[in-house]
Structure formats: structure tokens, C-alpha cells
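Undergrad: Below you will find the structure I want to go over with you.
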Amino acid sequence: MHFWSPHLDPAHPQDCTQPERYAIQMQSSGGFLAIGGDGQSLVEVSDARRAHLFHAHEAALRAARELNAEGRGPVDVVKVELDVA
């Protein structure tokens, strides 16, 4: 199947085709939020790679807005760079 997007640079067709991941970061401590072992709670972790990673920026923003509205913030959304070897 041919993959094409009007926003891709023909000289660098692989740019912007790698998946992006986003995490929620606590502004007060710098830690990141992950799903707790019970699957119901949120826990703070120090490493972004251990945080819950969102596949879409919009989903991460929606979750961050909800947490802030509930008074569980302040939180922010950060892009997590994954090393692809």
C-alpha cells in the first residue's frame, strides 16, 4: 500500500512517520503520571518512559484538562522522545 500525506517532504519521506508519544507531567514535582497496579489509580513516577504514554496529543490534552479541572494538577503534557534502534 502506498503511503502519502500532503504534509510530507518528498526529499525526506520518513520524517514525521514515526509514532509520537505524550505523557502527563506534574508541574510541582516534575514527575510523570502512570496507571497504578490496580488499573484504577494514578501514581507518580520519575521516568517518562514508565509513565502512561498517549498515542495522540489531543487525548493527552483532554486528560490533562480533566485532571486540572478536578484540582489534581497543575499538570502539563510533554512529548516523550523514544529511542528507535
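Letters A, B, ... go to the chains of the C-alpha cells in the order shown; residues in each chain start at 1; ligands are counted from 1 in the same order.
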Which residues, written as a list in words, have at least one atom at most 10 Å from A:Leu33, with only C-alpha atoms counted and residues fewer than 4 positions away on the same chain left out?
TA: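 Near neighbours after the sequence-gap exclusion: Ala23, Ile24, Gln25, Met26, Ser41, Leu42, Val43, Glu44, Val45, Ser46, Asp47, Ala48, Arg50, Ala51, His52, Leu53 and Val75 of chain A.
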Undergrad: I need the residues from that last selection saved to file as a PDB file, in the first residue's frame (with N, CA, C and O atoms), if you can.
TA:
```pdb
ATOM      1  N   ALA A  23       3.155  12.274  27.467  1.00  0.00           N
ATOM      2  CA  ALA A  23       2.933  11.928  28.864  1.00  0.00           C
ATOM      3  C   ALA A  23       2.429  13.154  29.606  1.00  0.00           C
ATOM      4  O   ALA A  23       2.607  14.289  29.154  1.00  0.00           O
ATOM      5  N   ILE A  24       1.821  12.900  30.763  1.00  0.00           N
ATOM      6  CA  ILE A  24       1.361  13.988  31.615  1.00  0.00           C
ATOM      7  C   ILE A  24       2.394  14.187  32.714  1.00  0.00           C
ATOM      8  O   ILE A  24       2.762  13.243  33.413  1.00  0.00           O
ATOM      9  N   GLN A  25       2.856  15.423  32.851  1.00  0.00           N
ATOM     10  CA  GLN A  25       3.883  15.756  33.827  1.00  0.00           C
ATOM     11  C   GLN A  25       3.302  16.656  34.913  1.00  0.00           C
ATOM     12  O   GLN A  25       2.596  17.617  34.623  1.00  0.00           O
ATOM     13  N   MET A  26       3.629  16.328  36.155  1.00  0.00           N
ATOM     14  CA  MET A  26       3.238  17.157  37.297  1.00  0.00           C
ATOM     15  C   MET A  26       4.132  18.395  37.309  1.00  0.00           C
ATOM     16  O   MET A  26       5.359  18.265  37.318  1.00  0.00           O
ATOM     17  N   SER A  41      -6.046   3.663  39.681  1.00  0.00           N
ATOM     18  CA  SER A  41      -5.477   4.858  40.290  1.00  0.00           C
ATOM     19  C   SER A  41      -4.312   5.396  39.467  1.00  0.00           C
ATOM     20  O   SER A  41      -3.780   4.705  38.596  1.00  0.00           O
ATOM     21  N   LEU A  42      -3.948   6.635  39.762  1.00  0.00           N
ATOM     22  CA  LEU A  42      -2.783   7.250  39.138  1.00  0.00           C
ATOM     23  C   LEU A  42      -1.656   7.297  40.154  1.00  0.00           C
ATOM     24  O   LEU A  42      -1.882   7.590  41.330  1.00  0.00           O
ATOM     25  N   VAL A  43      -0.449   6.994  39.696  1.00  0.00           N
ATOM     26  CA  VAL A  43       0.730   7.077  40.548  1.00  0.00           C
ATOM     27  C   VAL A  43       1.755   7.950  39.851  1.00  0.00           C
ATOM     28  O   VAL A  43       1.765   8.068  38.623  1.00  0.00           O
ATOM     29  N   GLU A  44       2.607   8.565  40.646  1.00  0.00           N
ATOM     30  CA  GLU A  44       3.651   9.414  40.087  1.00  0.00           C
ATOM     31  C   GLU A  44       4.932   8.598  39.945  1.00  0.00           C
ATOM     32  O   GLU A  44       5.321   7.874  40.856  1.00  0.00           O
ATOM     33  N   VAL A  45       5.569   8.711  38.775  1.00  0.00           N
ATOM     34  CA  VAL A  45       6.840   8.041  38.507  1.00  0.00           C
ATOM     35  C   VAL A  45       7.846   9.097  38.071  1.00  0.00           C
ATOM     36  O   VAL A  45       7.476  10.156  37.570  1.00  0.00           O
ATOM     37  N   SER A  46       9.122   8.786  38.267  1.00  0.00           N
ATOM     38  CA  SER A  46      10.149   9.791  37.958  1.00  0.00           C
ATOM     39  C   SER A  46      10.604   9.753  36.505  1.00  0.00           C
ATOM     40  O   SER A  46      11.115  10.740  35.993  1.00  0.00           O
ATOM     41  N   ASP A  47      10.416   8.634  35.826  1.00  0.00           N
ATOM     42  CA  ASP A  47      10.897   8.468  34.456  1.00  0.00           C
ATOM     43  C   ASP A  47       9.727   8.524  33.475  1.00  0.00           C
ATOM     44  O   ASP A  47       8.745   7.786  33.629  1.00  0.00           O
ATOM     45  N   ALA A  48       9.842   9.352  32.454  1.00  0.00           N
ATOM     46  CA  ALA A  48       8.761   9.494  31.465  1.00  0.00           C
ATOM     47  C   ALA A  48       8.480   8.188  30.746  1.00  0.00           C
ATOM     48  O   ALA A  48       7.353   7.942  30.322  1.00  0.00           O
ATOM     49  N   ARG A  50       8.269   5.323  32.043  1.00  0.00           N
ATOM     50  CA  ARG A  50       7.425   4.491  32.900  1.00  0.00           C
ATOM     51  C   ARG A  50       6.023   5.084  33.039  1.00  0.00           C
ATOM     52  O   ARG A  50       5.139   4.466  33.622  1.00  0.00           O
ATOM     53  N   ALA A  51       5.838   6.287  32.522  1.00  0.00           N
ATOM     54  CA  ALA A  51       4.538   6.966  32.595  1.00  0.00           C
ATOM     55  C   ALA A  51       3.565   6.335  31.608  1.00  0.00           C
ATOM     56  O   ALA A  51       3.955   5.595  30.703  1.00  0.00           O
ATOM     57  N   HIS A  52       2.296   6.661  31.795  1.00  0.00           N
ATOM     58  CA  HIS A  52       1.297   6.264  30.803  1.00  0.00           C
ATOM     59  C   HIS A  52       1.543   7.109  29.555  1.00  0.00           C
ATOM     60  O   HIS A  52       1.580   8.342  29.631  1.00  0.00           O
ATOM     61  N   LEU A  53       1.731   6.460  28.421  1.00  0.00           N
ATOM     62  CA  LEU A  53       2.019   7.177  27.178  1.00  0.00           C
ATOM     63  C   LEU A  53       0.783   7.221  26.299  1.00  0.00           C
ATOM     64  O   LEU A  53       0.174   6.193  26.007  1.00  0.00           O
ATOM     65  N   VAL A  75      -0.949  20.076  35.941  1.00  0.00           N
ATOM     66  CA  VAL A  75      -0.226  19.137  35.097  1.00  0.00           C
ATOM     67  C   VAL A  75      -0.067  19.734  33.710  1.00  0.00           C
ATOM     68  O   VAL A  75      -0.791  20.656  33.334  1.00  0.00           O
TER      69      VAL A  75
END
```
Undergrad: Pick out the residues sitting within 8 Å of stretch 56-72 of chain A, and hand them over as number ranges by chain; count only C-alpha atoms, and ignore anything fewer than 4 positions along from it in its own chain.
TA: A: 20-24, 76-77
Undergrad: Record the distance separating atom CA of A:Arg49 and atom CA of A:Phe32, expressed in Å with one decimal.
TA: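 For atom CA of A:Arg49 relative to atom CA of A:Phe32, the distance reads 9.1 Å.
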Undergrad: When distances are computed from only C-alpha atoms, which of A:His55, A:Val80, A:Ala34, A:Gly73 shows the smallest separation from A:Pro19?
TA: A:His55
Undergrad: Based on DSSP run over this structure's backbone, return all residues of stretch 18-79 of chain A in helix (DSSP H, G or I), as a PyMOL selection string.
TA: chain A and resi 48-50+57-69
Undergrad: For N, CA and C atoms, I'd like the residues from the last selection saved as a PDB file, in the first residue's frame.
TA:
```pdb
ATOM      1  N   ALA A  48       9.842   9.352  32.454  1.00  0.00           N
ATOM      2  CA  ALA A  48       8.761   9.494  31.465  1.00  0.00           C
ATOM      3  C   ALA A  48       8.480   8.188  30.746  1.00  0.00           C
ATOM      4  N   ARG A  49       9.464   7.319  30.617  1.00  0.00           N
ATOM      5  CA  ARG A  49       9.251   6.040  29.929  1.00  0.00           C
ATOM      6  C   ARG A  49       8.391   5.078  30.746  1.00  0.00           C
ATOM      7  N   ARG A  50       8.269   5.323  32.043  1.00  0.00           N
ATOM      8  CA  ARG A  50       7.425   4.491  32.900  1.00  0.00           C
ATOM      9  C   ARG A  50       6.023   5.084  33.039  1.00  0.00           C
ATOM     10  N   HIS A  57      -1.783  13.502  20.819  1.00  0.00           N
ATOM     11  CA  HIS A  57      -1.625  14.726  21.606  1.00  0.00           C
ATOM     12  C   HIS A  57      -2.965  15.186  22.158  1.00  0.00           C
ATOM     13  N   GLU A  58      -4.015  15.092  21.361  1.00  0.00           N
ATOM     14  CA  GLU A  58      -5.341  15.544  21.775  1.00  0.00           C
ATOM     15  C   GLU A  58      -5.844  14.745  22.971  1.00  0.00           C
ATOM     16  N   ALA A  59      -5.590  13.444  23.004  1.00  0.00           N
ATOM     17  CA  ALA A  59      -6.023  12.610  24.132  1.00  0.00           C
ATOM     18  C   ALA A  59      -5.283  13.005  25.402  1.00  0.00           C
ATOM     19  N   ALA A  60      -4.002  13.274  25.288  1.00  0.00           N
ATOM     20  CA  ALA A  60      -3.219  13.694  26.452  1.00  0.00           C
ATOM     21  C   ALA A  60      -3.707  15.047  26.962  1.00  0.00           C
ATOM     22  N   LEU A  61      -3.994  15.969  26.058  1.00  0.00           N
ATOM     23  CA  LEU A  61      -4.510  17.281  26.460  1.00  0.00           C
ATOM     24  C   LEU A  61      -5.860  17.163  27.152  1.00  0.00           C
ATOM     25  N   ARG A  62      -6.723  16.310  26.632  1.00  0.00           N
ATOM     26  CA  ARG A  62      -8.039  16.106  27.232  1.00  0.00           C
ATOM     27  C   ARG A  62      -7.898  15.578  28.663  1.00  0.00           C
ATOM     28  N   ALA A  63      -7.010  14.605  28.872  1.00  0.00           N
ATOM     29  CA  ALA A  63      -6.787  14.052  30.213  1.00  0.00           C
ATOM     30  C   ALA A  63      -6.188  15.108  31.141  1.00  0.00           C
ATOM     31  N   ALA A  64      -5.246  15.894  30.643  1.00  0.00           N
ATOM     32  CA  ALA A  64      -4.617  16.930  31.464  1.00  0.00           C
ATOM     33  C   ALA A  64      -5.634  17.988  31.869  1.00  0.00           C
ATOM     34  N   ARG A  65      -6.491  18.392  30.954  1.00  0.00           N
ATOM     35  CA  ARG A  65      -7.529  19.382  31.280  1.00  0.00           C
ATOM     36  C   ARG A  65      -8.472  18.846  32.353  1.00  0.00           C
ATOM     37  N   GLU A  66      -8.829  17.578  32.236  1.00  0.00           N
ATOM     38  CA  GLU A  66      -9.721  16.977  33.221  1.00  0.00           C
ATOM     39  C   GLU A  66      -9.057  16.918  34.604  1.00  0.00           C
ATOM     40  N   LEU A  67      -7.791  16.521  34.650  1.00  0.00           N
ATOM     41  CA  LEU A  67      -7.075  16.474  35.926  1.00  0.00           C
ATOM     42  C   LEU A  67      -6.954  17.865  36.541  1.00  0.00           C
ATOM     43  N   ASN A  68      -6.658  18.852  35.728  1.00  0.00           N
ATOM     44  CA  ASN A  68      -6.567  20.225  36.225  1.00  0.00           C
ATOM     45  C   ASN A  68      -7.925  20.716  36.729  1.00  0.00           C
ATOM     46  N   ALA A  69      -8.992  20.397  36.009  1.00  0.00           N
ATOM     47  CA  ALA A  69     -10.337  20.818  36.416  1.00  0.00           C
ATOM     48  C   ALA A  69     -10.753  20.159  37.723  1.00  0.00           C
TER      49      ALA A  69
END
```
